Amino acid sequence: MRILLVEDDQMIGAAVSIALRDAAYAVDWVQDGDAASSVLSLGEHQAVLLDLGLPKRDGLEVLRRLRQNGDTVPVIIITARDSLEDRIKGLDYGSDDYLIKPFDVSELLARLRAVIRRKGGQATPQLSNGTVTLDPSSREAIRGQTVVQLSAKEFSLLHALLLRPGAILARGELEERIYGWNEEVESNAIDFLIHAVRKKLGAGVIKNIRGAGWMVEKSA
Ligand code: CA
């Protein structure tokens, strides 16, 4: 799960980046509105944390253009502007949620999980294909009687697959979901992660579709 953080404050940006990485997200961080708009046009992120007071282009303008382009990626506005007018504008322009600085990181993470879940059409916090269940708040995976704790990257891998049971994800698609720009990806990194998840949850948990990629089965 890959998040775009748009924040020009160095201290807040660094703190939020670290918290997101600790919570198993891949994070890309940009610091002005123009950079945000051009990165968002690539559609590489599953959610956006957006400051409003930004150099070059205001956060509300970034949001307005994003929605104008028909992009439905979940957006949480994080800002010190607590005026009612800005909050209403943010929601009217199509943000999914709104957090006033200073905020508690655990609240930010909970809201992030909620908007991603709603985007995926999931009413419950757990992701499941009927045989394996993943709890995003604890990073635990459950298969039959087995309950295991996944590492950040193992979690991201299984999460990407469980968002779309039955869909085949190619190596490049998985890498894009799991790693940020500044992370070096070894050519066999995905194989290692799949091996690790299978070791914890059983070989059948992830199916290899020869030459195409990997999937988790859709429940019957
Ligand atoms: Ca700012």
# chains A, B, ... in the order shown; residues from 1 in each chain; ligands from 1

call {"tool": "residues_around", "arguments": {"residues": "A:Gln31", "least_positions_apart": "4", "cutoff": "9 Å", "atoms": "only C-alpha atoms", "output": "PyMOL selection string"}}
result
chain A and resi 5-10+13+35-36+54-55

call {"tool": "write_last_selection", "arguments": {"atoms": "C-alpha atoms", "output": "CSV table (one decimal), in the first residue's frame"}}
result
chain,number,residue,atom,x,y,z
A,5,LEU,CA,2.4,12.6,1.5
A,6,VAL,CA,2.2,16.3,0.4
A,7,GLU,CA,3.6,18.4,3.2
A,8,ASP,CA,6.1,21.4,3.1
A,9,ASP,CA,6.8,21.4,6.8
A,10,GLN,CA,10.1,19.4,7.3
A,13,GLY,CA,6.7,15.5,6.9
A,35,ALA,CA,5.0,18.3,-7.6
A,36,ALA,CA,1.9,16.9,-5.9
A,54,LEU,CA,1.8,24.6,0.1
A,55,PRO,CA,4.3,26.5,-2.0

call {"tool": "residues_around", "arguments": {"residues": "A:Glu173", "least_positions_apart": "4", "cutoff": "10 Å", "atoms": "only C-alpha atoms", "output": "count of residues only"}}
result
7

call {"tool": "select_by_dssp", "arguments": {"residues": "stretch 22-195 of chain A", "states": "helix (DSSP H, G or I)", "output": "short mmCIF file (atom, residue, chain, number, x, y, z; two decimals) with all heavy atoms, in the first residue's frame"}}
result
data_model
loop_
_atom_site.label_atom_id
_atom_site.label_comp_id
_atom_site.auth_asym_id
_atom_site.auth_seq_id
_atom_site.Cartn_x
_atom_site.Cartn_y
_atom_site.Cartn_z
N ASP A 22 6.58 2.79 9.65
CA ASP A 22 6.46 1.87 10.78
C ASP A 22 5.15 1.07 10.69
O ASP A 22 5.06 -0.05 11.18
CB ASP A 22 6.47 2.63 12.12
CG ASP A 22 7.87 3.07 12.49
OD1 ASP A 22 8.83 2.63 11.83
OD2 ASP A 22 8.00 3.86 13.44
N GLY A 33 2.85 22.04 -4.20
CA GLY A 33 1.61 21.69 -4.90
C GLY A 33 1.81 21.25 -6.34
O GLY A 33 1.12 20.35 -6.83
N ASP A 34 2.78 21.86 -7.04
CA ASP A 34 3.05 21.46 -8.43
C ASP A 34 3.54 20.02 -8.49
O ASP A 34 3.08 19.22 -9.31
CB ASP A 34 4.10 22.38 -9.07
CG ASP A 34 3.50 23.68 -9.55
OD1 ASP A 34 2.26 23.81 -9.47
OD2 ASP A 34 4.26 24.57 -9.99
N ALA A 35 4.49 19.70 -7.60
CA ALA A 35 5.03 18.33 -7.56
C ALA A 35 3.90 17.35 -7.25
O ALA A 35 3.80 16.28 -7.85
CB ALA A 35 6.14 18.23 -6.52
N ALA A 36 3.02 17.74 -6.32
CA ALA A 36 1.91 16.86 -5.95
C ALA A 36 1.03 16.55 -7.16
O ALA A 36 0.72 15.39 -7.44
CB ALA A 36 1.08 17.50 -4.84
N SER A 37 0.67 17.60 -7.92
CA SER A 37 -0.22 17.40 -9.07
C SER A 37 0.44 16.50 -10.12
O SER A 37 -0.22 15.63 -10.69
CB SER A 37 -0.60 18.74 -9.70
OG SER A 37 -1.57 19.37 -8.91
N SER A 38 1.74 16.72 -10.38
CA SER A 38 2.35 15.89 -11.43
C SER A 38 2.51 14.44 -10.98
O SER A 38 2.30 13.53 -11.76
CB SER A 38 3.66 16.48 -11.97
OG SER A 38 4.48 16.89 -10.93
N VAL A 39 2.84 14.23 -9.70
CA VAL A 39 2.95 12.85 -9.21
C VAL A 39 1.58 12.17 -9.23
O VAL A 39 1.45 11.01 -9.62
CB VAL A 39 3.55 12.83 -7.78
CG1 VAL A 39 3.40 11.44 -7.18
CG2 VAL A 39 5.00 13.24 -7.81
N LEU A 40 0.55 12.91 -8.82
CA LEU A 40 -0.79 12.31 -8.76
C LEU A 40 -1.29 11.90 -10.14
O LEU A 40 -2.04 10.93 -10.27
CB LEU A 40 -1.77 13.27 -8.09
CG LEU A 40 -1.59 13.35 -6.56
CD1 LEU A 40 -2.39 14.51 -5.98
CD2 LEU A 40 -2.01 12.03 -5.92
N GLY A 59 -3.10 23.47 -1.67
CA GLY A 59 -3.60 22.10 -1.55
C GLY A 59 -5.03 21.94 -2.07
O GLY A 59 -5.36 20.93 -2.68
N LEU A 60 -5.86 22.95 -1.84
CA LEU A 60 -7.24 22.87 -2.33
C LEU A 60 -7.26 22.83 -3.86
O LEU A 60 -8.09 22.16 -4.46
CB LEU A 60 -8.06 24.07 -1.83
CG LEU A 60 -8.54 24.01 -0.37
CD1 LEU A 60 -9.21 25.32 0.02
CD2 LEU A 60 -9.49 22.84 -0.15
N GLU A 61 -6.34 23.56 -4.49
CA GLU A 61 -6.24 23.56 -5.95
C GLU A 61 -5.76 22.19 -6.46
O GLU A 61 -6.24 21.68 -7.47
CB GLU A 61 -5.29 24.69 -6.39
CG GLU A 61 -5.11 24.86 -7.88
CD GLU A 61 -6.40 25.13 -8.64
OE1 GLU A 61 -7.39 25.58 -8.02
OE2 GLU A 61 -6.42 24.87 -9.86
N VAL A 62 -4.81 21.60 -5.73
CA VAL A 62 -4.34 20.25 -6.07
C VAL A 62 -5.52 19.28 -6.05
O VAL A 62 -5.73 18.48 -6.96
CB VAL A 62 -3.25 19.78 -5.09
CG1 VAL A 62 -2.89 18.31 -5.31
CG2 VAL A 62 -2.00 20.66 -5.20
N LEU A 63 -6.32 19.38 -4.99
CA LEU A 63 -7.47 18.50 -4.81
C LEU A 63 -8.52 18.72 -5.91
O LEU A 63 -9.05 17.77 -6.49
CB LEU A 63 -8.09 18.75 -3.43
CG LEU A 63 -9.32 17.96 -3.07
CD1 LEU A 63 -9.05 16.46 -3.07
CD2 LEU A 63 -9.85 18.39 -1.70
N ARG A 64 -8.78 20.00 -6.21
CA ARG A 64 -9.80 20.33 -7.21
C ARG A 64 -9.41 19.73 -8.57
O ARG A 64 -10.23 19.11 -9.25
CB ARG A 64 -9.94 21.85 -7.31
CG ARG A 64 -11.26 22.33 -7.89
CD ARG A 64 -11.29 23.84 -7.96
NE ARG A 64 -10.21 24.40 -8.75
CZ ARG A 64 -10.21 24.46 -10.08
NH1 ARG A 64 -11.24 24.02 -10.77
NH2 ARG A 64 -9.17 24.97 -10.73
N ARG A 65 -8.14 19.89 -8.96
CA ARG A 65 -7.69 19.35 -10.24
C ARG A 65 -7.73 17.83 -10.27
O ARG A 65 -8.07 17.23 -11.28
CB ARG A 65 -6.25 19.79 -10.52
CG ARG A 65 -6.17 21.25 -10.84
CD ARG A 65 -4.82 21.57 -11.41
NE ARG A 65 -4.71 23.01 -11.56
CZ ARG A 65 -3.80 23.60 -12.30
NH1 ARG A 65 -2.92 22.88 -12.96
NH2 ARG A 65 -3.75 24.91 -12.40
N LEU A 66 -7.35 17.23 -9.15
CA LEU A 66 -7.34 15.77 -9.05
C LEU A 66 -8.74 15.22 -9.33
O LEU A 66 -8.93 14.30 -10.12
CB LEU A 66 -6.89 15.37 -7.64
CG LEU A 66 -6.80 13.88 -7.32
CD1 LEU A 66 -5.60 13.26 -8.01
CD2 LEU A 66 -6.70 13.67 -5.80
N ARG A 67 -9.73 15.81 -8.67
CA ARG A 67 -11.11 15.33 -8.84
C ARG A 67 -11.65 15.68 -10.22
O ARG A 67 -12.44 14.93 -10.79
CB ARG A 67 -12.01 15.90 -7.74
CG ARG A 67 -11.66 15.44 -6.33
CD ARG A 67 -11.59 13.93 -6.19
NE ARG A 67 -11.45 13.50 -4.80
CZ ARG A 67 -10.66 12.50 -4.40
NH1 ARG A 67 -9.94 11.84 -5.28
NH2 ARG A 67 -10.61 12.16 -3.13
N GLN A 68 -11.22 16.84 -10.75
CA GLN A 68 -11.63 17.24 -12.10
C GLN A 68 -11.19 16.21 -13.13
O GLN A 68 -11.87 15.95 -14.11
CB GLN A 68 -10.98 18.57 -12.45
CG GLN A 68 -11.96 19.62 -12.92
CD GLN A 68 -11.30 21.00 -12.96
OE1 GLN A 68 -10.09 21.12 -13.20
NE2 GLN A 68 -12.09 22.02 -12.72
N LEU A 84 -13.76 27.02 9.54
CA LEU A 84 -14.90 26.24 9.05
C LEU A 84 -14.97 26.27 7.53
O LEU A 84 -15.21 25.26 6.88
CB LEU A 84 -16.18 26.81 9.66
CG LEU A 84 -17.46 26.07 9.33
CD1 LEU A 84 -17.40 24.63 9.84
CD2 LEU A 84 -18.67 26.79 9.94
N GLU A 85 -14.67 27.46 6.97
CA GLU A 85 -14.78 27.63 5.51
C GLU A 85 -13.85 26.68 4.76
O GLU A 85 -14.24 26.06 3.78
CB GLU A 85 -14.44 29.08 5.16
CG GLU A 85 -14.80 29.46 3.75
CD GLU A 85 -14.14 30.77 3.35
OE1 GLU A 85 -13.68 31.52 4.24
OE2 GLU A 85 -14.05 31.02 2.13
N ASP A 86 -12.59 26.57 5.24
CA ASP A 86 -11.63 25.68 4.58
C ASP A 86 -12.03 24.22 4.72
O ASP A 86 -11.84 23.43 3.80
CB ASP A 86 -10.22 25.87 5.16
CG ASP A 86 -9.53 27.06 4.53
OD1 ASP A 86 -9.84 27.36 3.35
OD2 ASP A 86 -8.71 27.69 5.21
N ARG A 87 -12.56 23.89 5.88
CA ARG A 87 -12.98 22.50 6.09
C ARG A 87 -14.10 22.13 5.12
O ARG A 87 -14.09 21.08 4.50
CB ARG A 87 -13.46 22.30 7.52
CG ARG A 87 -12.59 21.35 8.29
CD ARG A 87 -13.07 21.18 9.70
NE ARG A 87 -13.04 22.45 10.43
CZ ARG A 87 -13.58 22.62 11.64
NH1 ARG A 87 -14.20 21.61 12.22
NH2 ARG A 87 -13.51 23.77 12.25
N ILE A 88 -15.06 23.06 4.99
CA ILE A 88 -16.20 22.80 4.09
C ILE A 88 -15.72 22.73 2.64
O ILE A 88 -16.09 21.83 1.89
CB ILE A 88 -17.28 23.90 4.26
CG1 ILE A 88 -17.94 23.74 5.64
CG2 ILE A 88 -18.32 23.81 3.16
CD1 ILE A 88 -18.82 24.88 6.03
N LYS A 89 -14.84 23.65 2.26
CA LYS A 89 -14.29 23.64 0.91
C LYS A 89 -13.58 22.32 0.62
O LYS A 89 -13.76 21.73 -0.44
CB LYS A 89 -13.29 24.79 0.75
CG LYS A 89 -13.75 25.84 -0.24
CD LYS A 89 -12.62 26.81 -0.50
CE LYS A 89 -13.18 28.17 -0.90
NZ LYS A 89 -12.19 29.24 -0.73
N GLY A 90 -12.75 21.90 1.56
CA GLY A 90 -12.01 20.65 1.38
C GLY A 90 -12.94 19.48 1.12
O GLY A 90 -12.71 18.67 0.22
N LEU A 91 -14.00 19.42 1.88
CA LEU A 91 -14.95 18.32 1.70
C LEU A 91 -15.71 18.48 0.38
O LEU A 91 -15.93 17.52 -0.35
CB LEU A 91 -15.91 18.24 2.89
CG LEU A 91 -15.22 17.82 4.20
CD1 LEU A 91 -16.13 18.06 5.40
CD2 LEU A 91 -14.77 16.37 4.15
N ASP A 92 -16.09 19.72 0.07
CA ASP A 92 -16.80 19.98 -1.19
C ASP A 92 -15.92 19.67 -2.40
O ASP A 92 -16.42 19.23 -3.43
CB ASP A 92 -17.25 21.45 -1.26
CG ASP A 92 -18.54 21.68 -0.49
OD1 ASP A 92 -19.19 20.67 -0.11
OD2 ASP A 92 -18.89 22.84 -0.25
N VAL A 105 -0.73 10.64 15.70
CA VAL A 105 -0.41 9.76 14.57
C VAL A 105 -1.32 8.54 14.55
O VAL A 105 -1.73 8.08 13.49
CB VAL A 105 1.08 9.35 14.61
CG1 VAL A 105 1.33 8.19 13.67
CG2 VAL A 105 1.96 10.53 14.22
N SER A 106 -1.67 8.03 15.73
CA SER A 106 -2.53 6.83 15.74
C SER A 106 -3.92 7.16 15.17
O SER A 106 -4.54 6.32 14.53
CB SER A 106 -2.65 6.26 17.15
OG SER A 106 -3.15 7.23 18.02
N GLU A 107 -4.38 8.40 15.36
CA GLU A 107 -5.65 8.79 14.75
C GLU A 107 -5.51 8.90 13.24
O GLU A 107 -6.39 8.45 12.49
CB GLU A 107 -6.16 10.12 15.33
CG GLU A 107 -7.52 10.47 14.74
CD GLU A 107 -8.12 11.77 15.26
OE1 GLU A 107 -7.46 12.47 16.05
OE2 GLU A 107 -9.27 12.06 14.86
N LEU A 108 -4.40 9.48 12.78
CA LEU A 108 -4.15 9.56 11.34
C LEU A 108 -4.16 8.16 10.71
O LEU A 108 -4.80 7.94 9.68
CB LEU A 108 -2.79 10.24 11.08
CG LEU A 108 -2.33 10.25 9.62
CD1 LEU A 108 -3.23 11.12 8.77
CD2 LEU A 108 -0.89 10.70 9.50
N LEU A 109 -3.49 7.21 11.36
CA LEU A 109 -3.42 5.85 10.82
C LEU A 109 -4.80 5.20 10.78
O LEU A 109 -5.15 4.52 9.81
CB LEU A 109 -2.45 5.00 11.64
CG LEU A 109 -0.98 5.44 11.58
CD1 LEU A 109 -0.13 4.62 12.53
CD2 LEU A 109 -0.43 5.33 10.15
N ALA A 110 -5.59 5.42 11.82
CA ALA A 110 -6.94 4.84 11.86
C ALA A 110 -7.81 5.43 10.74
O ALA A 110 -8.55 4.71 10.06
CB ALA A 110 -7.58 5.08 13.22
N ARG A 111 -7.70 6.74 10.54
CA ARG A 111 -8.50 7.37 9.48
C ARG A 111 -8.05 6.91 8.10
O ARG A 111 -8.85 6.74 7.19
CB ARG A 111 -8.40 8.89 9.59
CG ARG A 111 -9.24 9.42 10.73
CD ARG A 111 -9.01 10.89 10.94
NE ARG A 111 -9.71 11.36 12.12
CZ ARG A 111 -10.77 12.15 12.08
NH1 ARG A 111 -11.24 12.57 10.93
NH2 ARG A 111 -11.35 12.52 13.19
N LEU A 112 -6.74 6.72 7.96
CA LEU A 112 -6.19 6.22 6.70
C LEU A 112 -6.74 4.83 6.39
O LEU A 112 -7.19 4.54 5.28
CB LEU A 112 -4.66 6.20 6.80
CG LEU A 112 -3.84 5.99 5.55
CD1 LEU A 112 -4.18 7.02 4.48
CD2 LEU A 112 -2.36 6.06 5.88
N ARG A 113 -6.71 3.96 7.39
CA ARG A 113 -7.26 2.61 7.20
C ARG A 113 -8.73 2.70 6.79
O ARG A 113 -9.19 1.98 5.91
CB ARG A 113 -7.13 1.78 8.48
CG ARG A 113 -5.72 1.36 8.82
CD ARG A 113 -5.71 0.28 9.89
NE ARG A 113 -6.21 0.71 11.19
CZ ARG A 113 -5.45 1.25 12.15
NH1 ARG A 113 -4.17 1.44 11.96
NH2 ARG A 113 -5.98 1.62 13.30
N ALA A 114 -9.46 3.63 7.43
CA ALA A 114 -10.90 3.75 7.16
C ALA A 114 -11.16 4.22 5.72
O ALA A 114 -12.03 3.67 5.05
CB ALA A 114 -11.54 4.70 8.17
N VAL A 115 -10.43 5.23 5.24
CA VAL A 115 -10.72 5.71 3.88
C VAL A 115 -10.31 4.68 2.83
O VAL A 115 -10.99 4.52 1.82
CB VAL A 115 -10.07 7.09 3.55
CG1 VAL A 115 -10.64 8.20 4.42
CG2 VAL A 115 -8.57 7.07 3.59
N ILE A 116 -9.21 3.95 3.10
CA ILE A 116 -8.78 2.92 2.15
C ILE A 116 -9.82 1.79 2.12
O ILE A 116 -10.17 1.27 1.06
CB ILE A 116 -7.38 2.38 2.53
CG1 ILE A 116 -6.34 3.47 2.29
CG2 ILE A 116 -7.04 1.12 1.75
CD1 ILE A 116 -4.97 3.18 2.87
N ARG A 117 -10.32 1.44 3.28
CA ARG A 117 -11.34 0.39 3.39
C ARG A 117 -12.60 0.80 2.65
O ARG A 117 -13.16 0.03 1.88
CB ARG A 117 -11.64 0.19 4.87
CG ARG A 117 -12.42 -1.02 5.21
CD ARG A 117 -12.33 -1.25 6.69
NE ARG A 117 -13.06 -0.28 7.48
CZ ARG A 117 -12.58 0.34 8.56
NH1 ARG A 117 -11.34 0.14 8.94
NH2 ARG A 117 -13.32 1.19 9.22
N ARG A 118 -13.04 2.03 2.86
CA ARG A 118 -14.26 2.49 2.19
C ARG A 118 -14.07 2.49 0.68
O ARG A 118 -14.97 2.13 -0.06
CB ARG A 118 -14.62 3.90 2.67
CG ARG A 118 -15.21 3.92 4.06
CD ARG A 118 -16.06 5.16 4.29
NE ARG A 118 -15.32 6.39 4.22
CZ ARG A 118 -14.77 6.99 5.28
NH1 ARG A 118 -14.88 6.45 6.48
NH2 ARG A 118 -14.11 8.10 5.14
N LYS A 119 -12.88 2.92 0.24
CA LYS A 119 -12.59 2.93 -1.20
C LYS A 119 -12.70 1.53 -1.78
O LYS A 119 -13.18 1.33 -2.89
CB LYS A 119 -11.19 3.52 -1.43
CG LYS A 119 -10.69 3.46 -2.85
CD LYS A 119 -11.46 4.42 -3.73
CE LYS A 119 -11.39 4.10 -5.19
NZ LYS A 119 -10.16 4.40 -5.85
N ALA A 152 6.36 -5.73 7.80
CA ALA A 152 5.75 -4.63 7.05
C ALA A 152 5.60 -4.98 5.56
O ALA A 152 4.54 -4.79 4.97
CB ALA A 152 6.58 -3.36 7.21
N LYS A 153 6.65 -5.50 4.97
CA LYS A 153 6.62 -5.80 3.53
C LYS A 153 5.74 -7.02 3.24
O LYS A 153 5.05 -7.05 2.22
CB LYS A 153 8.03 -6.05 3.01
CG LYS A 153 8.96 -4.87 3.13
CD LYS A 153 8.56 -3.76 2.20
CE LYS A 153 9.61 -2.67 2.15
NZ LYS A 153 9.02 -1.32 2.11
N GLU A 154 5.80 -8.02 4.10
CA GLU A 154 4.93 -9.20 3.91
C GLU A 154 3.47 -8.77 3.95
O GLU A 154 2.64 -9.20 3.14
CB GLU A 154 5.19 -10.24 5.00
CG GLU A 154 6.54 -10.92 4.93
CD GLU A 154 6.95 -11.60 6.23
OE1 GLU A 154 6.13 -11.65 7.18
OE2 GLU A 154 8.09 -12.08 6.30
N PHE A 155 3.18 -7.89 4.90
CA PHE A 155 1.81 -7.38 5.03
C PHE A 155 1.40 -6.65 3.75
O PHE A 155 0.31 -6.88 3.22
CB PHE A 155 1.69 -6.44 6.23
CG PHE A 155 0.39 -5.71 6.28
CD1 PHE A 155 -0.73 -6.31 6.83
CD2 PHE A 155 0.27 -4.43 5.75
CE1 PHE A 155 -1.95 -5.65 6.84
CE2 PHE A 155 -0.94 -3.77 5.76
CZ PHE A 155 -2.05 -4.38 6.32
N SER A 156 2.27 -5.76 3.25
CA SER A 156 1.94 -4.99 2.04
C SER A 156 1.66 -5.91 0.86
O SER A 156 0.75 -5.67 0.08
CB SER A 156 3.09 -4.06 1.67
OG SER A 156 3.27 -3.10 2.66
N LEU A 157 2.46 -6.96 0.74
CA LEU A 157 2.28 -7.92 -0.35
C LEU A 157 0.91 -8.59 -0.27
O LEU A 157 0.14 -8.59 -1.23
CB LEU A 157 3.38 -8.98 -0.28
CG LEU A 157 3.20 -10.16 -1.24
CD1 LEU A 157 3.79 -9.83 -2.60
CD2 LEU A 157 3.82 -11.43 -0.69
N LEU A 158 0.62 -9.15 0.90
CA LEU A 158 -0.64 -9.88 1.05
C LEU A 158 -1.84 -8.94 0.96
O LEU A 158 -2.89 -9.28 0.40
CB LEU A 158 -0.64 -10.64 2.39
CG LEU A 158 -1.66 -11.76 2.53
CD1 LEU A 158 -1.60 -12.74 1.37
CD2 LEU A 158 -1.45 -12.51 3.86
N HIS A 159 -1.66 -7.73 1.46
CA HIS A 159 -2.73 -6.73 1.39
C HIS A 159 -3.05 -6.40 -0.07
O HIS A 159 -4.23 -6.35 -0.46
CB HIS A 159 -2.29 -5.47 2.15
CG HIS A 159 -3.39 -4.48 2.37
ND1 HIS A 159 -3.70 -3.51 1.45
CD2 HIS A 159 -4.26 -4.33 3.39
CE1 HIS A 159 -4.72 -2.80 1.91
NE2 HIS A 159 -5.08 -3.27 3.08
N ALA A 160 -2.01 -6.19 -0.88
CA ALA A 160 -2.23 -5.86 -2.29
C ALA A 160 -3.00 -6.98 -2.99
O ALA A 160 -3.91 -6.74 -3.78
CB ALA A 160 -0.89 -5.63 -2.99
N LEU A 161 -2.66 -8.23 -2.67
CA LEU A 161 -3.33 -9.37 -3.31
C LEU A 161 -4.76 -9.53 -2.81
O LEU A 161 -5.68 -9.81 -3.58
CB LEU A 161 -2.53 -10.65 -3.06
CG LEU A 161 -1.17 -10.74 -3.78
CD1 LEU A 161 -0.33 -11.87 -3.21
CD2 LEU A 161 -1.37 -10.93 -5.29
N LEU A 162 -4.96 -9.32 -1.50
CA LEU A 162 -6.30 -9.54 -0.92
C LEU A 162 -7.29 -8.43 -1.26
O LEU A 162 -8.50 -8.61 -1.12
CB LEU A 162 -6.20 -9.67 0.61
CG LEU A 162 -5.83 -11.07 1.12
CD1 LEU A 162 -5.60 -11.03 2.62
CD2 LEU A 162 -6.91 -12.09 0.78
N ARG A 171 4.75 -8.92 -11.30
CA ARG A 171 5.86 -8.50 -10.43
C ARG A 171 5.94 -6.97 -10.31
O ARG A 171 6.05 -6.43 -9.22
CB ARG A 171 7.18 -9.05 -10.99
CG ARG A 171 8.40 -8.72 -10.16
CD ARG A 171 9.65 -9.28 -10.81
NE ARG A 171 9.57 -10.71 -11.01
CZ ARG A 171 9.89 -11.62 -10.07
NH1 ARG A 171 10.34 -11.22 -8.91
NH2 ARG A 171 9.76 -12.90 -10.30
N GLY A 172 5.87 -6.29 -11.45
CA GLY A 172 5.98 -4.82 -11.45
C GLY A 172 4.87 -4.17 -10.66
O GLY A 172 5.08 -3.19 -9.95
N GLU A 173 3.66 -4.71 -10.77
CA GLU A 173 2.52 -4.14 -10.02
C GLU A 173 2.72 -4.31 -8.52
O GLU A 173 2.41 -3.41 -7.74
CB GLU A 173 1.22 -4.83 -10.44
CG GLU A 173 0.78 -4.49 -11.85
CD GLU A 173 -0.41 -5.34 -12.28
OE1 GLU A 173 -0.24 -6.56 -12.48
OE2 GLU A 173 -1.50 -4.78 -12.41
N LEU A 174 3.21 -5.48 -8.13
CA LEU A 174 3.46 -5.71 -6.70
C LEU A 174 4.57 -4.80 -6.19
O LEU A 174 4.45 -4.19 -5.14
CB LEU A 174 3.81 -7.18 -6.46
CG LEU A 174 2.63 -8.15 -6.56
CD1 LEU A 174 3.12 -9.59 -6.53
CD2 LEU A 174 1.61 -7.91 -5.45
N GLU A 175 5.64 -4.67 -6.97
CA GLU A 175 6.74 -3.78 -6.56
C GLU A 175 6.25 -2.36 -6.38
O GLU A 175 6.61 -1.67 -5.43
CB GLU A 175 7.87 -3.82 -7.60
CG GLU A 175 8.67 -5.10 -7.57
CD GLU A 175 9.68 -5.21 -8.71
OE1 GLU A 175 9.64 -4.37 -9.63
OE2 GLU A 175 10.47 -6.16 -8.69
N GLU A 176 5.39 -1.93 -7.29
CA GLU A 176 4.87 -0.56 -7.23
C GLU A 176 4.05 -0.33 -5.96
O GLU A 176 4.06 0.76 -5.39
CB GLU A 176 4.02 -0.31 -8.47
CG GLU A 176 3.73 1.14 -8.73
CD GLU A 176 2.74 1.31 -9.86
OE1 GLU A 176 3.11 1.04 -11.02
OE2 GLU A 176 1.58 1.68 -9.59
N ARG A 177 3.32 -1.37 -5.52
CA ARG A 177 2.49 -1.24 -4.32
C ARG A 177 3.30 -1.26 -3.04
O ARG A 177 2.91 -0.70 -2.03
CB ARG A 177 1.48 -2.39 -4.23
CG ARG A 177 0.48 -2.46 -5.35
CD ARG A 177 -0.47 -1.29 -5.29
NE ARG A 177 -1.42 -1.36 -6.37
CZ ARG A 177 -2.59 -2.00 -6.28
NH1 ARG A 177 -2.93 -2.59 -5.17
NH2 ARG A 177 -3.40 -2.03 -7.31
N ILE A 178 4.44 -1.96 -3.08
CA ILE A 178 5.15 -2.27 -1.84
C ILE A 178 6.30 -1.31 -1.57
O ILE A 178 6.63 -1.03 -0.42
CB ILE A 178 5.65 -3.74 -1.87
CG1 ILE A 178 4.45 -4.68 -1.99
CG2 ILE A 178 6.46 -4.08 -0.63
CD1 ILE A 178 4.82 -6.11 -2.29
N ALA A 189 13.24 -9.59 -4.91
CA ALA A 189 12.61 -9.19 -3.63
C ALA A 189 11.21 -9.77 -3.48
O ALA A 189 10.84 -10.26 -2.40
CB ALA A 189 12.56 -7.66 -3.55
N ILE A 190 10.43 -9.74 -4.55
CA ILE A 190 9.05 -10.24 -4.48
C ILE A 190 9.05 -11.76 -4.21
O ILE A 190 8.26 -12.25 -3.42
CB ILE A 190 8.30 -9.92 -5.79
CG1 ILE A 190 8.19 -8.39 -5.98
CG2 ILE A 190 6.91 -10.56 -5.81
CD1 ILE A 190 7.34 -7.67 -4.97
N ASP A 191 9.97 -12.48 -4.86
CA ASP A 191 10.05 -13.93 -4.62
C ASP A 191 10.34 -14.24 -3.16
O ASP A 191 9.76 -15.15 -2.57
CB ASP A 191 11.15 -14.54 -5.49
CG ASP A 191 10.93 -14.22 -6.96
OD1 ASP A 191 10.18 -14.95 -7.61
OD2 ASP A 191 11.49 -13.21 -7.45
N PHE A 192 11.24 -13.45 -2.57
CA PHE A 192 11.57 -13.65 -1.16
C PHE A 192 10.36 -13.41 -0.27
O PHE A 192 10.08 -14.16 0.66
CB PHE A 192 12.71 -12.72 -0.73
CG PHE A 192 14.07 -13.28 -1.01
CD1 PHE A 192 14.92 -12.69 -1.93
CD2 PHE A 192 14.51 -14.42 -0.35
CE1 PHE A 192 16.17 -13.21 -2.20
CE2 PHE A 192 15.78 -14.96 -0.61
CZ PHE A 192 16.60 -14.35 -1.54
N LEU A 193 9.61 -12.33 -0.58
CA LEU A 193 8.44 -12.00 0.24
C LEU A 193 7.38 -13.09 0.12
O LEU A 193 6.78 -13.50 1.11
CB LEU A 193 7.84 -10.66 -0.21
CG LEU A 193 8.58 -9.40 0.24
CD1 LEU A 193 7.92 -8.17 -0.35
CD2 LEU A 193 8.58 -9.32 1.76
N ILE A 194 7.16 -13.57 -1.09
CA ILE A 194 6.16 -14.62 -1.30
C ILE A 194 6.58 -15.89 -0.56
O ILE A 194 5.76 -16.54 0.10
CB ILE A 194 5.94 -14.84 -2.81
CG1 ILE A 194 5.10 -13.68 -3.33
CG2 ILE A 194 5.23 -16.19 -3.07
CD1 ILE A 194 4.98 -13.58 -4.79
N HIS A 195 7.86 -16.19 -0.64
CA HIS A 195 8.37 -17.36 0.08
C HIS A 195 8.12 -17.21 1.59
O HIS A 195 7.67 -18.15 2.25
CB HIS A 195 9.87 -17.51 -0.21
CG HIS A 195 10.50 -18.64 0.52
ND1 HIS A 195 10.31 -19.96 0.16
CD2 HIS A 195 11.30 -18.67 1.62
CE1 HIS A 195 10.97 -20.74 0.99
NE2 HIS A 195 11.57 -19.99 1.89
#

call {"tool": "select_by_dssp", "arguments": {"residues": "chain A", "states": "strand (DSSP E or B)", "output": "ChimeraX atom specification"}}
result
/A:2-6,26-30,47-50,75-79,97-100,127-128,132-135,140-143,146-149,169,207-209,213-215

call {"tool": "closest_residue", "arguments": {"among": "A:Ala19, A:Val48, A:Ile78, A:Ala24", "to": "ligand 1", "atoms": "only C-alpha atoms and all ligand atoms"}}
result
A:Ile78
